[in-house]
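> My questions all concern the structure below.
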Amino acid sequence: RWPVNRTGFDSSSLTPACEPDVAPRSAGQPLWLLAELTYKCPLQCPYCSNPLDFSASGQELSTEQWVKVLREAREMGAAQLGFSGGEPLSRPDLNELIQEARQLGYYSNLITSGIGLNDQKLEQFRASGLDHIQVSFQASDEEVNNMLAGSAKAFKQKLKMARAVKANGYPMVLNFVTHRHNIDRIDRIIELCIELGADYVELATCQYYGWALENREQLMPSRAQLERAERITNEYRARLEAAGNPMKLIFVTPDYYEERPKGCMNGWGQIFLTVTPDGTALPCHSARQLPVQFPNVKDRSLEDIWYRSFGFNKYRGNDWMKEPCRSCDEKDKDFGGCRCQAYMLTGDAANADPVCSKSQHHGKILQARAEAEAPRDTPMTFRNERNSRVFCRSE
Ligand code: FES
């Protein structure tokens with residue numbers, strides 16, 4: 001099954017490449033393991049990076065299968081572990097997996113909406129060895145937050161849980177995905193983070209993958225909105241420093257406003273390894289949509305997958321590159337950008353990421369910027385089971 005989207009390339013006519021394994025190309029160690037435990041989520045954010053057709057995903061891995069993944073990745077050198085989803089709190093075995101992660105020596109991070117969290121779980125997770133919690137907010141205003149989350153109770157619960165996370169002594173990251181509906185309140189967002197005592201604040205302007213690409217027209221801020229938000233963030237940084245407040249503000253500019261692409265994932269199959277709820281192993285969280293057959297941890301060891309599978313070797317190194325990347329003197333810095341973005345916007349993952357002004361498809365980015373200057377009032381598609389089924393097509 002393959003997703004389609006209205007803003008990108010219709011991939012439904014393609015079949016996945018069922019290709020044999022290849023000799024290993026130069027690969028680093030999978031230092032960062034993202035365990036997407038489940039696609040279940042009580043919220044319905046219209047910028048979720050989960051695949052559009054997540055409802056067609058296969059059966060979730062069992063606890064034993066996840067334990068095997070954690071062990072094998074650790075043996076290969078993985079040190080950072082993110083428990084993500086969907087909402088990872090939806091998995092009843094989360095505490096067991098946290099305990100296993102601690103025993104194996106991971107630095108573990110729970111990436112959560114805070115929905116389903118309570119004081120008892122926070123204490124339990126701390127006793128089990130969870131190192132770090134990231135709570136995501138949709139906005140600093142209750143109304144906007146709850147509208148985007150699709151829950152009337154979400155904002156109050158998030159506030160309560162952010163306070164409880166700090167009270168339990170965890171380092172806390174607050175994550176705000178910013179877009180045209182909340183970016184003008186950046187000052188209020190930062191004030192809220194100060195009030196909650198965040199250690200790190202990610203002001204991450206929406207990146208257009210998954211549901212966010214589907215809703216790009218309704219989400220992308222104008223250049224003026226973005227510049228204002230960055231200026232205010234810099235002013236707050238200076239104020240925090242002067243006041244001796246150690247809170248760190250991380251402002252992530254959307255690559256749609258750049259002229260050179262990001263070195264996505266630090267290179268394909270170099271340090272990032274994602275395992276999806278049904279056990280598909282991916283070099284990044286978005287790669288599932290590519291017309292490439294990716295291996296499953298139910299069938300093969302992680303070591304075999306990382307070093308020898310077709311999917312993990314497909315875009316390693318530089319040999320796969322076409323022009324203008326092949327002869328570009330920046331190719332070792334940005335690796336041609338993001339394979340998923342190249343695929344979503346051009347239909348060929350081996351093309352240069354169109355964010356790059358050298359790409360012949362850069363006009364797509366310029367067009368998106370122009371649309372952001374003159375937004376239309378069209379409804380967003382929320383990430384939920386019902387909408388997901390629309391994107392499921394039989395092969
Ligand atoms: Fe997949 Fe960039 S998100 S390579």
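Note on naming: chains are A, B, ... as they come in the structure tokens, residues start from 1 per chain, ligands start from 1 in the order shown.
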So which residues are near ligand 1, meaning at most 8 Å away with only C-alpha atoms and all ligand atoms counted, given back as an mmCIF file with C-alpha atoms, in the first residue's frame?


```cif
data_model
loop_
_atom_site.group_PDB
_atom_site.id
_atom_site.type_symbol
_atom_site.label_atom_id
_atom_site.label_comp_id
_atom_site.auth_asym_id
_atom_site.auth_seq_id
_atom_site.Cartn_x
_atom_site.Cartn_y
_atom_site.Cartn_z
ATOM 1 C CA TYR A 209 6.385 15.319 5.811
ATOM 2 C CA CYS A 264 19.170 14.966 6.442
ATOM 3 C CA MET A 265 19.685 12.278 9.115
ATOM 4 C CA GLY A 267 23.490 10.941 5.874
ATOM 5 C CA TRP A 268 21.400 7.948 4.874
ATOM 6 C CA PRO A 283 17.000 4.904 7.860
ATOM 7 C CA CYS A 284 14.604 7.745 8.784
ATOM 8 C CA HIS A 285 11.043 8.056 10.042
ATOM 9 C CA SER A 286 9.664 9.043 6.609
ATOM 10 C CA ALA A 287 11.357 6.515 4.356
ATOM 11 C CA GLY A 337 19.588 16.897 1.163
ATOM 12 C CA CYS A 338 16.629 14.788 2.097
ATOM 13 C CA ARG A 339 15.801 11.671 0.056
ATOM 14 C CA CYS A 340 12.204 11.671 1.257
ATOM 15 C CA GLN A 341 11.677 15.308 0.325
#
```

> Find the spatial neighbours of Gln134 of chain A, counting only C-alpha atoms, within a cut-off of 7 Å - ignore same-chain residues fewer than 4 positions away - and output them as a VMD selection string.

chain A and resid 110 to 112 172 to 175

> Could you write those residues out with C-alpha atoms, as a PDB file, in the first residue's frame?


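Output below, filename out-v5.pdb:
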```
ATOM      1  CA  LEU A 110      10.118   9.592  26.096  1.00  0.00           C
ATOM      2  CA  ILE A 111       8.584  11.690  23.328  1.00  0.00           C
ATOM      3  CA  THR A 112       4.993  12.238  24.384  1.00  0.00           C
ATOM      4  CA  MET A 172      12.442  18.494  30.271  1.00  0.00           C
ATOM      5  CA  VAL A 173      12.180  19.470  26.629  1.00  0.00           C
ATOM      6  CA  LEU A 174       9.057  21.308  25.575  1.00  0.00           C
ATOM      7  CA  ASN A 175       8.386  21.003  21.897  1.00  0.00           C
TER       8      ASN A 175
END
```

> Restricting the calculation to only C-alpha atoms, which member of A:Lys121, A:Arg386, A:Trp306, A:Lys262 is positioned closest to Ala352 of chain A?

A:Lys262

> List the neighbours of Cys328 of chain A out to 12 Å using only C-alpha atoms; skip same-chain residues closer than 4 positions along the sequence, and give me the result as a PDB file with N, CA and C atoms, in the first residue's frame.


```pdb
ATOM      1  N   ARG A 260      19.937  26.038   0.506  1.00  0.00           N
ATOM      2  CA  ARG A 260      20.697  24.787   0.486  1.00  0.00           C
ATOM      3  C   ARG A 260      19.989  23.798   1.411  1.00  0.00           C
ATOM      4  N   ASN A 318      28.038   8.325  -2.097  1.00  0.00           N
ATOM      5  CA  ASN A 318      27.732   9.296  -3.156  1.00  0.00           C
ATOM      6  C   ASN A 318      27.403   8.655  -4.507  1.00  0.00           C
ATOM      7  N   MET A 321      24.233   9.378  -6.579  1.00  0.00           N
ATOM      8  CA  MET A 321      23.878  10.771  -6.892  1.00  0.00           C
ATOM      9  C   MET A 321      23.835  11.065  -8.389  1.00  0.00           C
ATOM     10  N   LYS A 322      22.913  11.945  -8.747  1.00  0.00           N
ATOM     11  CA  LYS A 322      22.847  12.468 -10.113  1.00  0.00           C
ATOM     12  C   LYS A 322      23.314  13.927 -10.059  1.00  0.00           C
ATOM     13  N   GLU A 323      23.405  14.539 -11.204  1.00  0.00           N
ATOM     14  CA  GLU A 323      23.685  15.981 -11.211  1.00  0.00           C
ATOM     15  C   GLU A 323      22.432  16.735 -10.742  1.00  0.00           C
ATOM     16  N   PRO A 324      22.574  17.842 -10.066  1.00  0.00           N
ATOM     17  CA  PRO A 324      23.790  18.606  -9.814  1.00  0.00           C
ATOM     18  C   PRO A 324      24.574  18.143  -8.580  1.00  0.00           C
ATOM     19  N   ASP A 332      29.438  16.510   0.375  1.00  0.00           N
ATOM     20  CA  ASP A 332      29.835  15.796   1.586  1.00  0.00           C
ATOM     21  C   ASP A 332      29.318  16.477   2.842  1.00  0.00           C
ATOM     22  N   LYS A 333      28.754  17.657   2.643  1.00  0.00           N
ATOM     23  CA  LYS A 333      28.197  18.398   3.789  1.00  0.00           C
ATOM     24  C   LYS A 333      26.700  18.138   3.908  1.00  0.00           C
ATOM     25  N   ASP A 334      26.003  18.168   2.765  1.00  0.00           N
ATOM     26  CA  ASP A 334      24.535  18.033   2.852  1.00  0.00           C
ATOM     27  C   ASP A 334      24.006  16.739   2.236  1.00  0.00           C
ATOM     28  N   PHE A 335      24.857  15.931   1.660  1.00  0.00           N
ATOM     29  CA  PHE A 335      24.482  14.613   1.098  1.00  0.00           C
ATOM     30  C   PHE A 335      23.344  14.716   0.080  1.00  0.00           C
ATOM     31  N   GLY A 336      23.230  15.866  -0.565  1.00  0.00           N
ATOM     32  CA  GLY A 336      22.143  16.050  -1.535  1.00  0.00           C
ATOM     33  C   GLY A 336      20.815  16.339  -0.871  1.00  0.00           C
ATOM     34  N   ALA A 352      18.265  15.752  -6.513  1.00  0.00           N
ATOM     35  CA  ALA A 352      18.653  16.688  -5.450  1.00  0.00           C
ATOM     36  C   ALA A 352      17.387  17.123  -4.707  1.00  0.00           C
ATOM     37  N   CYS A 356      17.349  22.864  -2.567  1.00  0.00           N
ATOM     38  CA  CYS A 356      18.588  23.411  -3.118  1.00  0.00           C
ATOM     39  C   CYS A 356      18.290  24.279  -4.344  1.00  0.00           C
ATOM     40  N   LYS A 358      20.131  24.861  -6.689  1.00  0.00           N
ATOM     41  CA  LYS A 358      20.715  24.284  -7.902  1.00  0.00           C
ATOM     42  C   LYS A 358      19.790  23.228  -8.515  1.00  0.00           C
ATOM     43  N   SER A 359      18.772  22.808  -7.760  1.00  0.00           N
ATOM     44  CA  SER A 359      17.868  21.768  -8.265  1.00  0.00           C
ATOM     45  C   SER A 359      16.963  22.328  -9.359  1.00  0.00           C
TER      46      SER A 359
END
```

> Please measure the separation of atom CA of Gly311 of chain A and atom CA of Val275 of chain A, giving the value in Å to one decimal.

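Rounded to one decimal, the two atoms are 13.3 Å apart.
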
> Measuring between only C-alpha atoms, which one of A:Leu52, A:Ala204, A:Leu94, A:Val69 shows the shortest distance to Ile186 of chain A?

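The answer is A:Ala204, which sits nearest to Ile186 of chain A.
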
> Write out as an mmCIF file with C-alpha atoms, in the first residue's frame the residues lying within 8 Å of Ser113 of chain A, counting only C-alpha atoms and excluding same-chain residues fewer than 4 positions away.


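Generated file (selection15.cif):
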```cif
data_model
loop_
_atom_site.group_PDB
_atom_site.id
_atom_site.type_symbol
_atom_site.label_atom_id
_atom_site.label_comp_id
_atom_site.auth_asym_id
_atom_site.auth_seq_id
_atom_site.Cartn_x
_atom_site.Cartn_y
_atom_site.Cartn_z
ATOM 1 C CA GLU A 87 1.640 8.108 21.525
ATOM 2 C CA VAL A 135 6.325 16.997 26.035
ATOM 3 C CA SER A 136 4.798 18.443 22.903
ATOM 4 C CA PHE A 137 2.371 21.347 22.863
ATOM 5 C CA LYS A 158 -0.221 19.057 29.123
#
```

> List every residue of segment 164-386 of chain A that DSSP, applied to the backbone of this structure, places in alpha helix (DSSP H), and write the result as a VMD selection string.

chain A and resid 164 to 167 186 to 196 210 to 214 216 to 219 223 to 242 302 to 308 310 to 313 331 to 334 339 to 346 362 to 373 385 to 386

> Next, write the just-selected residues to a file, as a tab-separated table (two decimals), in the first residue's frame, keeping C-alpha atoms as the atom set.


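Listed below is the output, selection-v3.tsv:
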```tsv
chain	number	residue	atom	x	y	z
A	164	ALA	CA	4.78	17.04	37.12
A	165	VAL	CA	7.73	16.15	34.85
A	166	LYS	CA	9.79	18.92	36.47
A	167	ALA	CA	8.58	18.02	39.96
A	186	ILE	CA	5.98	33.03	19.89
A	187	ASP	CA	6.46	35.45	22.80
A	188	ARG	CA	3.60	33.84	24.71
A	189	ILE	CA	4.98	30.38	23.90
A	190	ILE	CA	8.39	31.31	25.33
A	191	GLU	CA	6.79	32.91	28.40
A	192	LEU	CA	4.85	29.71	29.00
A	193	CYS	CA	8.05	27.67	28.76
A	194	ILE	CA	9.76	29.96	31.28
A	195	GLU	CA	6.78	29.58	33.60
A	196	LEU	CA	6.93	25.77	33.28
A	210	GLY	CA	3.44	13.01	6.31
A	211	TRP	CA	0.32	14.89	7.38
A	212	ALA	CA	2.18	18.19	7.39
A	213	LEU	CA	2.83	17.92	3.66
A	214	GLU	CA	-0.83	17.18	3.10
A	216	ARG	CA	1.29	22.47	3.88
A	217	GLU	CA	-0.79	25.21	2.36
A	218	GLN	CA	-2.64	25.75	5.62
A	219	LEU	CA	0.45	25.47	7.83
A	223	ARG	CA	8.54	34.85	5.46
A	224	ALA	CA	7.55	37.90	7.54
A	225	GLN	CA	6.00	35.68	10.21
A	226	LEU	CA	9.11	33.56	10.32
A	227	GLU	CA	11.54	36.47	10.52
A	228	ARG	CA	9.55	38.11	13.28
A	229	ALA	CA	9.50	34.86	15.28
A	230	GLU	CA	13.24	34.40	14.90
A	231	ARG	CA	13.91	37.99	15.97
A	232	ILE	CA	11.75	37.62	19.08
A	233	THR	CA	13.41	34.30	19.94
A	234	ASN	CA	16.84	35.96	19.71
A	235	GLU	CA	15.66	38.78	21.98
A	236	TYR	CA	14.45	36.25	24.54
A	237	ARG	CA	17.75	34.36	24.32
A	238	ALA	CA	19.63	37.53	25.22
A	239	ARG	CA	17.22	38.27	28.07
A	240	LEU	CA	17.45	34.76	29.49
A	241	GLU	CA	21.22	34.88	29.41
A	242	ALA	CA	21.29	38.26	31.13
A	302	LEU	CA	19.43	-5.56	13.01
A	303	GLU	CA	23.06	-6.04	12.13
A	304	ASP	CA	22.12	-7.77	8.89
A	305	ILE	CA	19.57	-5.04	8.18
A	306	TRP	CA	21.91	-2.15	8.92
A	307	TYR	CA	24.93	-3.37	6.97
A	308	ARG	CA	23.56	-5.58	4.22
A	310	PHE	CA	19.17	-3.15	0.03
A	311	GLY	CA	17.14	-0.35	1.63
A	312	PHE	CA	19.84	0.77	4.05
A	313	ASN	CA	22.52	0.79	1.35
A	331	LYS	CA	27.81	17.07	-1.37
A	332	ASP	CA	29.84	15.80	1.59
A	333	LYS	CA	28.20	18.40	3.79
A	334	ASP	CA	24.54	18.03	2.85
A	339	ARG	CA	15.80	11.67	0.06
A	340	CYS	CA	12.20	11.67	1.26
A	341	GLN	CA	11.68	15.31	0.32
A	342	ALA	CA	13.24	14.72	-3.10
A	343	TYR	CA	10.83	11.83	-3.62
A	344	MET	CA	7.76	13.62	-2.30
A	345	LEU	CA	8.31	16.68	-4.48
A	346	THR	CA	9.93	15.25	-7.62
A	362	HIS	CA	13.53	24.35	-6.89
A	363	GLY	CA	10.52	26.12	-8.41
A	364	LYS	CA	8.29	23.85	-6.29
A	365	ILE	CA	9.77	25.39	-3.17
A	366	LEU	CA	9.40	28.90	-4.58
A	367	GLN	CA	5.79	28.12	-5.39
A	368	ALA	CA	5.15	26.94	-1.82
A	369	ARG	CA	6.67	30.17	-0.51
A	370	ALA	CA	4.42	32.18	-2.82
A	371	GLU	CA	1.37	30.25	-1.58
A	372	ALA	CA	2.34	31.05	2.00
A	373	GLU	CA	2.18	34.77	1.16
A	385	GLU	CA	-7.98	6.66	11.48
A	386	ARG	CA	-10.85	7.77	9.28
```

> As a list in words, please: the residues near Met76 of chain A (cut-off 9 Å, only C-alpha atoms, same-chain neighbours under 4 positions excluded).

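Final neighbour list, sorted by chain and number: Gln29, Pro30, Leu31, Arg71, Glu72, Leu302 and Glu303 of chain A.
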
> I'd like the neighbourhood of Met247 of chain A as a list in words, where a residue qualifies if any of its atoms comes within 8 Å (using only C-alpha atoms), though same-chain residues fewer than 3 positions away should be ignored.

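Returned residues: Ile194, Gly197, Ala198, Asp199, Tyr200, Val201 and Leu240 of chain A.
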